[in-house]
file data_12.txt (compact mmCIF, C-alpha atoms)
# COMPACT_ATOMS: atom_id res chain seq x y z
CA MET P 1 91.90 -29.05 -20.92
CA GLN P 2 92.98 -32.66 -21.07
CA SER P 3 96.56 -33.38 -20.01
CA ILE P 4 99.31 -34.59 -22.32
CA ASN P 5 99.26 -37.84 -20.33
CA ASP P 6 95.65 -38.36 -21.39
CA THR P 7 96.67 -37.86 -25.00
CA ILE P 8 99.57 -40.28 -24.66
CA GLU P 9 97.30 -42.91 -23.12
CA ARG P 10 94.83 -42.51 -25.99
CA LEU P 11 97.58 -42.74 -28.57
CA ALA P 12 99.11 -45.76 -26.86
CA ARG P 13 95.79 -47.57 -27.17
CA ALA P 14 95.54 -46.72 -30.85
CA ARG P 15 96.44 -49.17 -33.58
CA VAL P 16 99.77 -47.75 -34.59
CA ALA P 17 101.69 -50.86 -35.63
CA GLY P 18 102.85 -50.16 -39.15
CA LEU P 19 102.60 -46.37 -38.95
CA ALA P 20 106.19 -45.94 -40.07
CA GLY P 21 106.27 -44.21 -43.43
CA VAL P 22 107.56 -45.60 -46.69
CA SER P 23 110.14 -43.30 -48.20
CA GLY P 24 109.61 -42.72 -51.88
CA THR P 25 112.42 -44.00 -54.09
CA ASP P 26 110.49 -44.52 -57.34
CA HIS P 27 108.65 -41.45 -58.60
CA ARG P 28 107.07 -43.34 -61.52
CA HIS P 29 105.25 -40.59 -63.45
CA LEU P 30 106.52 -37.73 -61.29
CA ARG P 31 109.17 -35.17 -62.23
CA ALA P 32 110.80 -32.56 -60.00
CA LEU P 33 109.15 -29.16 -60.36
CA GLY P 34 112.44 -27.40 -59.65
CA ASP P 35 112.49 -23.64 -59.18
CA PHE P 36 108.87 -22.53 -58.96
CA GLY P 37 109.53 -19.03 -57.66
CA ALA P 38 109.21 -17.72 -54.12
CA ASN P 39 109.28 -20.59 -51.66
CA PRO P 40 108.98 -19.18 -48.13
CA GLY P 41 107.84 -22.56 -46.79
CA THR P 42 110.90 -24.34 -48.28
CA LEU P 43 108.82 -27.14 -49.79
CA SER P 44 109.59 -29.30 -52.82
CA GLY P 45 107.30 -29.96 -55.77
CA TRP P 46 106.75 -32.99 -58.02
CA TYR P 47 104.39 -33.15 -60.95
CA HIS P 48 102.94 -35.11 -63.86
CA VAL P 49 101.53 -33.54 -67.04
CA SER P 50 99.86 -35.64 -69.70
CA GLU P 51 101.25 -35.03 -73.18
CA GLY P 52 99.04 -33.80 -75.96
CA THR P 53 96.34 -32.48 -73.65
CA ALA P 54 95.14 -28.87 -73.78
CA ALA P 55 93.33 -26.99 -71.03
CA MET P 56 93.76 -29.88 -68.62
CA PRO P 57 92.56 -29.90 -65.00
CA LEU P 58 95.15 -29.78 -62.21
CA VAL P 59 95.00 -31.67 -58.90
CA VAL P 60 97.21 -30.52 -56.01
CA VAL P 61 98.06 -33.43 -53.69
CA LEU P 62 99.35 -33.16 -50.10
CA HIS P 63 100.76 -36.23 -48.38
CA GLY P 64 100.36 -37.19 -44.73
CA CYS P 65 102.90 -37.42 -41.92
CA THR P 66 105.83 -39.86 -42.37
CA GLN P 67 105.12 -39.88 -46.11
CA ASP P 68 106.57 -38.05 -49.10
CA ALA P 69 105.30 -37.28 -52.59
CA ALA P 70 106.43 -40.58 -54.12
CA SER P 71 105.06 -42.83 -51.39
CA TYR P 72 101.71 -41.06 -51.29
CA ASP P 73 101.51 -41.18 -55.07
CA ARG P 74 102.16 -44.92 -55.10
CA GLY P 75 99.56 -45.49 -52.42
CA SER P 76 96.88 -43.18 -53.80
CA GLY P 77 97.47 -43.71 -57.53
CA TRP P 78 96.94 -40.05 -58.45
CA SER P 79 99.60 -39.77 -61.14
CA ASP P 80 98.63 -43.14 -62.60
CA LEU P 81 95.03 -41.94 -62.92
CA ALA P 82 96.23 -38.65 -64.39
CA ALA P 83 98.25 -40.50 -67.02
CA ARG P 84 95.24 -42.64 -67.91
CA PHE P 85 92.73 -39.80 -68.22
CA GLY P 86 94.85 -36.84 -69.30
CA PHE P 87 94.94 -34.41 -66.40
CA ALA P 88 97.83 -32.94 -64.40
CA VAL P 89 98.91 -33.41 -60.79
CA VAL P 90 101.37 -31.53 -58.60
CA PHE P 91 102.54 -32.88 -55.25
CA ALA P 92 103.87 -30.55 -52.57
CA GLU P 93 106.46 -32.32 -50.42
CA GLN P 94 107.40 -31.35 -46.90
CA SER P 95 111.02 -30.89 -45.82
CA ARG P 96 112.31 -32.78 -42.80
CA ALA P 97 114.05 -29.55 -41.83
CA ASN P 98 110.59 -27.97 -41.45
CA ASN P 99 109.03 -30.91 -39.66
CA PRO P 100 111.07 -33.97 -38.62
CA ASN P 101 108.12 -36.26 -39.31
CA GLY P 102 107.35 -34.89 -42.75
CA CYS P 103 104.06 -33.29 -41.69
CA PHE P 104 102.74 -30.09 -43.19
CA ASN P 105 102.59 -27.50 -40.41
CA TRP P 106 98.83 -27.04 -40.50
CA PHE P 107 98.62 -25.48 -37.02
CA VAL P 108 101.57 -23.06 -37.26
CA PRO P 109 100.26 -19.50 -37.89
CA GLY P 110 103.27 -18.53 -40.01
CA ASP P 111 102.54 -21.38 -42.42
CA THR P 112 98.76 -21.05 -42.63
CA ARG P 113 98.25 -17.43 -43.68
CA ARG P 114 97.69 -16.21 -47.21
CA ASP P 115 100.99 -15.28 -48.89
CA ALA P 116 103.09 -16.70 -46.05
CA GLY P 117 105.05 -19.84 -45.27
CA GLU P 118 104.00 -23.23 -46.58
CA ALA P 119 100.66 -21.97 -47.88
CA ALA P 120 102.45 -19.45 -50.10
CA SER P 121 104.85 -22.11 -51.38
CA ILE P 122 101.97 -24.33 -52.46
CA ARG P 123 100.36 -21.32 -54.12
CA GLN P 124 103.59 -20.70 -56.05
CA MET P 125 103.67 -24.31 -57.26
CA ILE P 126 100.17 -23.88 -58.68
CA ALA P 127 101.16 -20.61 -60.38
CA ALA P 128 104.23 -22.28 -61.91
CA MET P 129 102.14 -25.15 -63.29
CA VAL P 130 99.61 -22.74 -64.81
CA ASP P 131 102.41 -20.62 -66.33
CA GLN P 132 104.38 -23.53 -67.78
CA TYR P 133 101.68 -25.97 -68.94
CA PRO P 134 98.23 -25.82 -70.57
CA ILE P 135 96.32 -25.92 -67.28
CA ASP P 136 92.69 -24.83 -67.16
CA PRO P 137 92.68 -22.26 -64.31
CA ALA P 138 88.96 -22.87 -63.78
CA ARG P 139 89.55 -26.56 -62.99
CA ILE P 140 92.08 -26.65 -60.17
CA PHE P 141 91.44 -28.98 -57.23
CA ILE P 142 93.24 -29.95 -54.02
CA THR P 143 93.29 -33.02 -51.79
CA GLY P 144 95.31 -34.28 -48.84
CA LEU P 145 95.53 -36.84 -46.04
CA SER P 146 95.72 -36.12 -42.30
CA ALA P 147 98.16 -33.20 -41.86
CA GLY P 148 97.94 -32.88 -45.65
CA GLY P 149 94.15 -32.85 -45.33
CA ALA P 150 94.35 -30.12 -42.72
CA MET P 151 96.70 -28.22 -45.05
CA ALA P 152 94.16 -28.67 -47.86
CA SER P 153 91.67 -26.95 -45.53
CA VAL P 154 94.21 -24.13 -45.13
CA MET P 155 94.57 -23.71 -48.91
CA LEU P 156 90.82 -23.77 -49.52
CA ALA P 157 90.42 -21.05 -46.88
CA THR P 158 93.37 -18.83 -47.78
CA TYR P 159 93.12 -19.12 -51.59
CA PRO P 160 89.47 -20.05 -52.25
CA GLU P 161 89.46 -18.26 -55.61
CA LEU P 162 91.99 -20.78 -56.95
CA PHE P 163 90.05 -23.96 -56.35
CA ARG P 164 86.95 -25.43 -57.88
CA GLY P 165 86.89 -28.12 -55.23
CA GLY P 166 88.79 -29.86 -52.48
CA ALA P 167 88.83 -33.29 -50.83
CA ILE P 168 89.91 -33.54 -47.19
CA ILE P 169 90.80 -37.04 -45.97
CA ALA P 170 91.09 -37.58 -42.19
CA GLY P 171 91.83 -33.88 -41.81
CA LEU P 172 90.69 -30.95 -39.68
CA PRO P 173 88.81 -27.69 -40.30
CA PHE P 174 90.65 -24.46 -41.01
CA GLY P 175 91.18 -22.41 -37.87
CA ALA P 176 91.07 -25.40 -35.55
CA ALA P 177 94.46 -24.87 -33.88
CA ALA P 178 97.30 -22.39 -33.60
CA THR P 179 99.50 -24.26 -31.08
CA MET P 180 100.65 -27.83 -30.57
CA SER P 181 98.46 -28.30 -27.49
CA GLN P 182 95.42 -27.08 -29.42
CA ALA P 183 96.30 -29.41 -32.28
CA LEU P 184 96.35 -32.38 -29.89
CA GLU P 185 92.99 -31.41 -28.43
CA ARG P 186 91.31 -30.91 -31.81
CA MET P 187 92.67 -34.21 -33.14
CA ARG P 188 90.95 -35.86 -30.17
CA GLY P 189 87.77 -34.00 -31.07
CA GLN P 190 87.90 -31.64 -28.09
CA GLY P 191 87.60 -27.86 -27.81
CA HIS P 192 86.22 -27.18 -31.26
CA LEU P 193 84.59 -23.88 -32.20
CA ASN P 194 81.03 -23.83 -33.50
CA ASP P 195 80.30 -23.95 -37.21
CA LEU P 196 79.65 -20.23 -37.58
CA ALA P 197 82.95 -19.37 -35.91
CA TYR P 198 84.79 -21.77 -38.20
CA ALA P 199 83.06 -20.24 -41.22
CA THR P 200 84.12 -16.79 -40.03
CA ALA P 201 87.72 -18.01 -39.85
CA VAL P 202 87.54 -18.86 -43.56
CA ARG P 203 85.84 -15.60 -44.51
CA THR P 204 88.53 -13.56 -42.77
CA ALA P 205 91.42 -15.57 -44.24
CA SER P 206 91.12 -13.73 -47.58
CA SER P 207 89.11 -10.98 -49.26
CA HIS P 208 87.23 -13.55 -51.35
CA ARG P 209 83.44 -13.53 -51.10
CA GLY P 210 82.43 -16.42 -53.30
CA PRO P 211 81.55 -18.58 -54.97
CA TRP P 212 83.16 -21.00 -52.55
CA PRO P 213 84.81 -24.27 -53.59
CA ARG P 214 82.87 -27.51 -53.30
CA VAL P 215 84.22 -29.79 -50.58
CA SER P 216 84.41 -33.58 -50.20
CA VAL P 217 85.20 -35.02 -46.76
CA TRP P 218 86.47 -38.58 -46.20
CA LEU P 219 86.94 -40.42 -42.92
CA GLY P 220 86.95 -43.80 -41.24
CA ASP P 221 84.64 -44.15 -38.27
CA ALA P 222 87.35 -46.13 -36.43
CA ASP P 223 90.01 -43.42 -36.78
CA HIS P 224 91.86 -43.14 -33.45
CA THR P 225 94.36 -40.53 -34.64
CA VAL P 226 91.99 -37.83 -35.94
CA ASN P 227 88.64 -38.20 -34.22
CA PRO P 228 85.73 -38.41 -36.71
CA VAL P 229 84.08 -35.40 -35.06
CA ASN P 230 86.57 -33.35 -37.09
CA ALA P 231 84.73 -34.39 -40.24
CA ASP P 232 81.51 -33.04 -38.72
CA ARG P 233 83.22 -29.73 -38.05
CA ILE P 234 84.59 -29.50 -41.60
CA VAL P 235 81.14 -30.20 -43.00
CA GLY P 236 79.61 -27.65 -40.63
CA GLN P 237 82.19 -25.04 -41.57
CA TRP P 238 81.44 -25.35 -45.26
CA ARG P 239 77.69 -25.69 -44.83
CA ALA P 240 77.75 -22.32 -43.09
CA LEU P 241 79.86 -20.83 -45.88
CA HIS P 242 77.63 -22.19 -48.62
CA GLY P 243 74.46 -21.36 -46.68
CA VAL P 244 73.18 -24.91 -47.03
CA ASP P 245 70.23 -25.76 -44.80
CA GLY P 246 68.16 -28.86 -44.51
CA PRO P 247 69.00 -32.57 -44.43
CA PRO P 248 71.39 -34.18 -46.88
CA ASP P 249 70.74 -36.91 -49.39
CA VAL P 250 72.04 -40.18 -47.92
CA GLU P 251 73.36 -43.16 -49.88
CA THR P 252 74.92 -46.41 -48.65
CA VAL P 253 77.51 -48.08 -50.90
CA SER P 254 78.58 -51.73 -50.54
CA GLY P 255 77.29 -51.80 -46.99
CA LYS P 256 80.39 -50.02 -45.67
CA LEU P 257 80.37 -46.47 -47.05
CA VAL P 258 77.73 -43.90 -46.18
CA ARG P 259 77.69 -40.84 -48.43
CA ARG P 260 75.88 -37.69 -47.39
CA ALA P 261 75.50 -34.86 -49.90
CA TRP P 262 74.19 -31.30 -49.76
CA HIS P 263 73.19 -29.68 -53.04
CA ALA P 264 72.88 -26.23 -54.55
CA PRO P 265 69.47 -25.13 -55.90
CA ASP P 266 70.56 -26.24 -59.38
CA GLY P 267 71.21 -29.76 -58.09
CA SER P 268 75.02 -29.63 -58.14
CA VAL P 269 76.84 -31.06 -55.13
CA LEU P 270 78.33 -28.45 -52.80
CA ILE P 271 79.41 -30.61 -49.88
CA GLU P 272 79.69 -34.36 -49.47
CA GLU P 273 80.88 -36.62 -46.69
CA HIS P 274 82.07 -40.21 -47.12
CA ARG P 275 82.17 -42.19 -43.87
CA ILE P 276 83.64 -45.71 -44.08
CA ALA P 277 82.63 -48.21 -41.41
CA GLY P 278 85.49 -49.84 -39.54
CA MET P 279 88.26 -47.91 -41.29
CA GLY P 280 91.10 -46.41 -39.27
CA HIS P 281 93.39 -43.50 -40.04
CA GLY P 282 94.39 -43.28 -43.68
CA THR P 283 93.37 -42.90 -47.29
CA PRO P 284 90.92 -45.55 -48.56
CA VAL P 285 92.19 -47.43 -51.61
CA ALA P 286 90.98 -50.34 -53.73
CA THR P 287 93.48 -52.75 -55.25
CA HIS P 288 90.94 -54.89 -57.14
CA GLY P 289 87.91 -54.23 -59.30
CA ASP P 290 86.94 -51.80 -62.03
CA THR P 291 87.81 -48.76 -59.92
CA ALA P 292 91.07 -50.13 -58.49
CA CYS P 293 93.63 -47.39 -57.95
CA GLY P 294 96.73 -47.22 -55.80
CA SER P 295 98.47 -49.68 -53.48
CA ALA P 296 98.04 -50.76 -49.88
CA MET P 297 100.76 -49.55 -47.51
CA PRO P 298 100.94 -47.70 -44.18
CA HIS P 299 98.17 -45.08 -44.04
CA MET P 300 96.87 -46.31 -47.43
CA LEU P 301 94.12 -48.71 -46.44
CA ASP P 302 92.69 -51.27 -48.86
CA VAL P 303 89.01 -51.20 -47.93
CA GLY P 304 87.76 -51.93 -51.46
CA ILE P 305 86.88 -48.25 -52.06
CA SER P 306 89.25 -45.94 -53.94
CA SER P 307 88.86 -42.40 -52.69
CA THR P 308 91.15 -41.25 -55.52
CA TRP P 309 88.86 -42.74 -58.17
CA GLN P 310 85.69 -41.48 -56.48
CA ILE P 311 87.08 -37.99 -55.93
CA ALA P 312 88.35 -37.72 -59.52
CA HIS P 313 85.02 -38.97 -60.85
CA GLY P 314 83.12 -36.43 -58.74
CA TRP P 315 85.31 -33.65 -60.12
CA GLY P 316 84.63 -34.74 -63.72
CA LEU P 317 88.23 -35.79 -64.36
CA LEU P 318 87.41 -39.24 -65.76
CA GLU P 319 85.11 -38.14 -68.57
CA GLY P 320 87.67 -38.32 -71.39
CA ALA P 321 88.81 -41.41 -73.28
CA GLU P 322 90.97 -43.62 -71.13
CA ARG P 323 94.56 -44.09 -72.24
CA ALA P 324 96.66 -47.23 -71.83
CA ARG P 325 97.14 -48.33 -68.25
CA SER P 326 100.62 -47.97 -66.81
CA SER P 327 102.53 -50.87 -65.34
CA ALA P 328 101.72 -51.94 -61.82
CA ALA P 329 103.41 -50.15 -58.96
CA PRO P 330 106.43 -51.88 -57.48
CA ALA P 331 105.80 -53.96 -54.40
CA VAL P 332 106.30 -52.14 -51.11
CA PRO P 333 107.64 -54.12 -48.16
CA PRO P 334 105.48 -54.04 -45.02
CA ALA P 335 106.51 -51.66 -42.29
CA ALA P 336 108.26 -53.06 -39.26
CA PRO P 337 105.87 -53.59 -36.34
CA VAL P 338 106.00 -51.39 -33.27
CA THR P 339 107.21 -53.65 -30.51
CA SER P 340 107.16 -51.61 -27.29
CA ILE P 341 104.74 -49.34 -25.46
CA GLN P 342 107.17 -46.41 -25.64
CA ALA P 343 107.70 -46.98 -29.36
CA THR P 344 103.92 -47.17 -29.80
CA ILE P 345 103.45 -43.82 -28.08
CA GLU P 346 106.27 -42.17 -30.00
CA ALA P 347 105.08 -43.55 -33.34
CA ALA P 348 101.60 -42.16 -32.77
CA LEU P 349 102.90 -38.74 -31.77
CA ARG P 350 105.24 -38.64 -34.75
CA SER P 351 102.46 -39.67 -37.11
CA ALA P 352 100.57 -36.59 -35.98
CA GLY P 353 103.65 -34.36 -36.36
CA LEU P 354 103.66 -33.55 -32.65
CA MET P 355 106.97 -35.12 -31.62
CA ARG P 356 110.49 -34.90 -33.00
call {"tool": "encode", "arguments": {"input": "data_12.txt", "output": "structure tokens"}}
result
Amino acid sequence: MQSINDTIERLARARVAGLAGVSGTDHRHLRALGDFGANPGTLSGWYHVSEGTAAMPLVVVLHGCTQDAASYDRGSGWSDLAARFGFAVVFAEQSRANNPNGCFNWFVPGDTRRDAGEAASIRQMIAAMVDQYPIDPARIFITGLSAGGAMASVMLATYPELFRGGAIIAGLPFGAAATMSQALERMRGQGHLNDLAYATAVRTASSHRGPWPRVSVWLGDADHTVNPVNADRIVGQWRALHGVDGPPDVETVSGKLVRRAWHAPDGSVLIEEHRIAGMGHGTPVATHGDTACGSAMPHMLDVGISSTWQIAHGWGLLEGAERARSSAAPAVPPAAPVTSIQATIEAALRSAGLMR
């Protein structure tokens, strides 16, 4: 096992200037979900529902470390896209009392089991949305970044019957870690189980036996916080679950994005991976062009490719008539630079949720 000093040295070499989060002060389209029932994980919920829309899809969104619902919404553009195309979104928001860095506790056993902890709280938010609004229960999806991406893996494993699909951005496979030291190792790409073992972890997380959700995986090949090998393990986990053999279809977009896709016998996509050349740790966004969506800020990286737009399009959420665009998001000041080696180390550890 690698020492903590090795991890600190790796994190110190990482590009962490600007990793400080942007606290959300303007919720734009979002409204507080309020009392959504049992909340053993003590999370908060924020949502947007488009008026005059029946049987609308629902997207569950999980922010990354140092972020909150409002900041991730501004960066990703999910509620703006929902308002334009008439679907619903619900954001789970971590409490600083649960995790001082605002990270979902994706490696804590009490928060990653079905009907327990944070996983159960997110499940209750979904139930409240379905009960209170005209949500199509057959078109519920989930996405998240980093710790939120790892928590999306948890939800897809523990409540697979709820979701038609999920998108994991710079995340980790379900079952990867149950302690902080294991979390550090897996983030570095070390000590992973094989694909069949990871698939077994999902199968034993609930009594569900299929069909399994479709999964979209996003990563930057220059990510020094969550090693890209984690994307391989997520893909392998879900290939084993879906029983997908053989090579994928491969497509290169704009010279910087390589998309690999594995299909069902009927031609539908079961698993896809989007690997962006030169991108670090964060959610890819595009601030210009026909598919522009979101804003550039810490962990929200303007690489000219909007993962939000592409994910929503892949899930069939952009097929209706587009409504009027909302006003542009307010400008977000740049984060203060990290100016010392110690601050660099601490910022990297906090961004991963592994230091108070």
call {"tool": "closest_atom_pairs", "arguments": {"input": "data_12.txt", "of": "stretch 226-255 of chain P", "to": "stretch 305-319 of chain P", "cutoff": "12 Å", "atoms": "all atoms listed in the file", "output": "JSON lines"}}
result
{"residue": "P:Val253", "atom": "CA", "partner": "P:Ile305", "partner_atom": "CA", "distance": 9.4}
{"residue": "P:Ser254", "atom": "CA", "partner": "P:Ile305", "partner_atom": "CA", "distance": 9.1}
{"residue": "P:Gly255", "atom": "CA", "partner": "P:Ile305", "partner_atom": "CA", "distance": 11.4}
call {"tool": "axis_aligned_box", "arguments": {"input": "data_12.txt", "around": "stretch 287-293 of chain P", "padding_each_side": "6 Å", "output": "AutoDock Vina command-line options"}}
result
--center_x 90.3 --center_y -51.1 --center_z -58.6 --size_x 18.7 --size_y 19.5 --size_z 18.8
call {"tool": "atom_distance", "arguments": {"input": "data_12.txt", "atom1": "atom CA of P:Val89", "atom2": "atom CA of P:Arg123"}}
result
13.9 Å
call {"tool": "atom_distance", "arguments": {"input": "data_12.txt", "atom1": "atom CA of P:Trp218", "atom2": "atom CA of P:Ile276"}}
result
8.0 Å
call {"tool": "closest_residue", "arguments": {"input": "data_12.txt", "among": "P:Pro248, P:Pro298, P:Gly278, P:Pro265", "to": "P:Pro228", "atoms": "all atoms listed in the file"}}
result
P:Gly278
call {"tool": "residues_around", "arguments": {"input": "data_12.txt", "residues": "stretch 148-151 of chain P", "least_positions_apart": "4", "cutoff": "6 Å", "atoms": "all atoms listed in the file", "output": "PyMOL selection string"}}
result
chain P and resi 62-64+106+144+168-169+171-172
call {"tool": "residues_around", "arguments": {"input": "data_12.txt", "residues": "stretch 97-99 of chain P", "least_positions_apart": "2", "cutoff": "9 Å", "atoms": "all atoms listed in the file", "output": "list of chain:residue names"}}
result
P:Gly41, P:Thr42, P:Leu43, P:Gln94, P:Ser95, P:Asn101, P:Gly102, P:Cys103, P:Phe104, P:Asn105, P:Gly353, P:Arg356
call {"tool": "atom_distance", "arguments": {"input": "data_12.txt", "atom1": "atom CA of P:Gly294", "atom2": "atom CA of P:Gly189"}}
result
29.4 Å
call {"tool": "closest_residue", "arguments": {"input": "data_12.txt", "among": "P:Gly280, P:Pro40, P:Gly243, P:Pro213", "to": "P:Gln124", "atoms": "only C-alpha atoms"}}
result
P:Pro40
call {"tool": "residues_around", "arguments": {"input": "data_12.txt", "residues": "P:Arg233", "least_positions_apart": "6", "cutoff": "9 Å", "atoms": "all atoms listed in the file", "output": "ChimeraX atom specification"}}
result
/P:172-173,192-195,198
call {"tool": "residues_around", "arguments": {"input": "data_12.txt", "residues": "P:Val269", "least_positions_apart": "4", "cutoff": "10 Å", "atoms": "all atoms listed in the file", "output": "number ranges by chain"}}
result
P: 214-216, 261-265, 314
call {"tool": "residues_near_point", "arguments": {"input": "data_12.txt", "point": "(88.8, -13.9, -45.4)", "cutoff": "12 Å", "atoms": "all atoms listed in the file", "output": "ChimeraX atom specification"}}
result
/P:113-114,154-161,174-175,198-210,212,241
call {"tool": "write_last_selection", "arguments": {"input": "data_12.txt", "atoms": "C-alpha atoms", "output": "tab-separated table (two decimals), in the frame of the given file"}}
result
chain	number	residue	atom	x	y	z
P	113	ARG	CA	98.25	-17.43	-43.68
P	114	ARG	CA	97.69	-16.21	-47.21
P	154	VAL	CA	94.21	-24.13	-45.13
P	155	MET	CA	94.57	-23.71	-48.91
P	156	LEU	CA	90.82	-23.77	-49.52
P	157	ALA	CA	90.42	-21.05	-46.88
P	158	THR	CA	93.37	-18.83	-47.78
P	159	TYR	CA	93.12	-19.12	-51.59
P	160	PRO	CA	89.47	-20.05	-52.25
P	161	GLU	CA	89.46	-18.26	-55.61
P	174	PHE	CA	90.65	-24.46	-41.01
P	175	GLY	CA	91.18	-22.41	-37.87
P	198	TYR	CA	84.79	-21.77	-38.20
P	199	ALA	CA	83.06	-20.24	-41.22
P	200	THR	CA	84.12	-16.79	-40.03
P	201	ALA	CA	87.72	-18.01	-39.85
P	202	VAL	CA	87.54	-18.86	-43.56
P	203	ARG	CA	85.84	-15.60	-44.51
P	204	THR	CA	88.53	-13.56	-42.77
P	205	ALA	CA	91.42	-15.57	-44.24
P	206	SER	CA	91.12	-13.73	-47.58
P	207	SER	CA	89.11	-10.98	-49.26
P	208	HIS	CA	87.23	-13.55	-51.35
P	209	ARG	CA	83.44	-13.53	-51.10
P	210	GLY	CA	82.43	-16.42	-53.30
P	212	TRP	CA	83.16	-21.00	-52.55
P	241	LEU	CA	79.86	-20.83	-45.88
call {"tool": "residues_near_point", "arguments": {"input": "data_12.txt", "point": "(98.4, -32.2, -72.5)", "cutoff": "10 Å", "atoms": "all atoms listed in the file", "output": "number ranges by chain"}}
result
P: 49-57, 83, 86-88, 133-135
call {"tool": "write_last_selection", "arguments": {"input": "data_12.txt", "atoms": "C-alpha atoms", "output": "PDB file, keeping the file's coordinate frame"}}
result
ATOM      1  CA  VAL P  49     101.530 -33.540 -67.040  1.00  0.00           C
ATOM      2  CA  SER P  50      99.860 -35.640 -69.700  1.00  0.00           C
ATOM      3  CA  GLU P  51     101.250 -35.030 -73.180  1.00  0.00           C
ATOM      4  CA  GLY P  52      99.040 -33.800 -75.960  1.00  0.00           C
ATOM      5  CA  THR P  53      96.340 -32.480 -73.650  1.00  0.00           C
ATOM      6  CA  ALA P  54      95.140 -28.870 -73.780  1.00  0.00           C
ATOM      7  CA  ALA P  55      93.330 -26.990 -71.030  1.00  0.00           C
ATOM      8  CA  MET P  56      93.760 -29.880 -68.620  1.00  0.00           C
ATOM      9  CA  PRO P  57      92.560 -29.900 -65.000  1.00  0.00           C
ATOM     10  CA  ALA P  83      98.250 -40.500 -67.020  1.00  0.00           C
ATOM     11  CA  GLY P  86      94.850 -36.840 -69.300  1.00  0.00           C
ATOM     12  CA  PHE P  87      94.940 -34.410 -66.400  1.00  0.00           C
ATOM     13  CA  ALA P  88      97.830 -32.940 -64.400  1.00  0.00           C
ATOM     14  CA  TYR P 133     101.680 -25.970 -68.940  1.00  0.00           C
ATOM     15  CA  PRO P 134      98.230 -25.820 -70.570  1.00  0.00           C
ATOM     16  CA  ILE P 135      96.320 -25.920 -67.280  1.00  0.00           C
TER      17      ILE P 135
END
call {"tool": "closest_residue", "arguments": {"input": "data_12.txt", "among": "P:His299, P:Arg74, P:Arg31, P:Arg188", "to": "P:His224", "atoms": "all atoms listed in the file"}}
result
P:Arg188
call {"tool": "residues_around", "arguments": {"input": "data_12.txt", "residues": "P:Leu196", "least_positions_apart": "6", "cutoff": "9 Å", "atoms": "only C-alpha atoms", "output": "JSON list (two decimals) with C-alpha atoms, in the frame of the given file"}}
result
[["chain", "number", "residue", "atom", "x", "y", "z"],
["P", 236, "GLY", "CA", 79.61, -27.65, -40.63],
["P", 237, "GLN", "CA", 82.19, -25.04, -41.57],
["P", 240, "ALA", "CA", 77.75, -22.32, -43.09],
["P", 241, "LEU", "CA", 79.86, -20.83, -45.88]]
call {"tool": "build_atoms", "arguments": {"input": "data_12.txt", "residues": "stretch 94-106 of chain P", "atoms": "N, CA and C atoms", "output": "compact mmCIF listing (two decimals), in the frame of the given file"}}
result
# COMPACT_ATOMS: atom_id res chain seq x y z
N GLN P 94 106.85 -32.00 -48.07
CA GLN P 94 107.40 -31.35 -46.90
C GLN P 94 108.89 -31.65 -46.74
N SER P 95 109.60 -30.72 -46.14
CA SER P 95 111.02 -30.89 -45.82
C SER P 95 111.17 -31.37 -44.39
N ARG P 96 112.06 -32.32 -44.16
CA ARG P 96 112.31 -32.78 -42.80
C ARG P 96 112.94 -31.67 -41.96
N ALA P 97 113.53 -30.69 -42.59
CA ALA P 97 114.05 -29.55 -41.83
C ALA P 97 112.90 -28.71 -41.26
N ASN P 98 111.77 -28.68 -41.95
CA ASN P 98 110.59 -27.97 -41.45
C ASN P 98 109.87 -28.75 -40.37
N ASN P 99 109.75 -30.05 -40.59
CA ASN P 99 109.03 -30.91 -39.66
C ASN P 99 109.70 -32.28 -39.70
N PRO P 100 110.29 -32.73 -38.61
CA PRO P 100 111.07 -33.97 -38.62
C PRO P 100 110.27 -35.20 -39.05
N ASN P 101 108.95 -35.12 -38.95
CA ASN P 101 108.12 -36.26 -39.31
C ASN P 101 107.45 -36.10 -40.66
N GLY P 102 107.87 -35.08 -41.41
CA GLY P 102 107.35 -34.89 -42.75
C GLY P 102 105.92 -34.41 -42.80
N CYS P 103 105.44 -33.79 -41.73
CA CYS P 103 104.06 -33.29 -41.69
C CYS P 103 104.00 -31.84 -42.16
N PHE P 104 102.99 -31.50 -42.93
CA PHE P 104 102.74 -30.09 -43.19
C PHE P 104 102.33 -29.42 -41.87
N ASN P 105 102.79 -28.20 -41.68
CA ASN P 105 102.59 -27.50 -40.41
C ASN P 105 101.24 -26.78 -40.39
N TRP P 106 100.19 -27.55 -40.36
CA TRP P 106 98.83 -27.04 -40.50
C TRP P 106 98.36 -26.19 -39.33
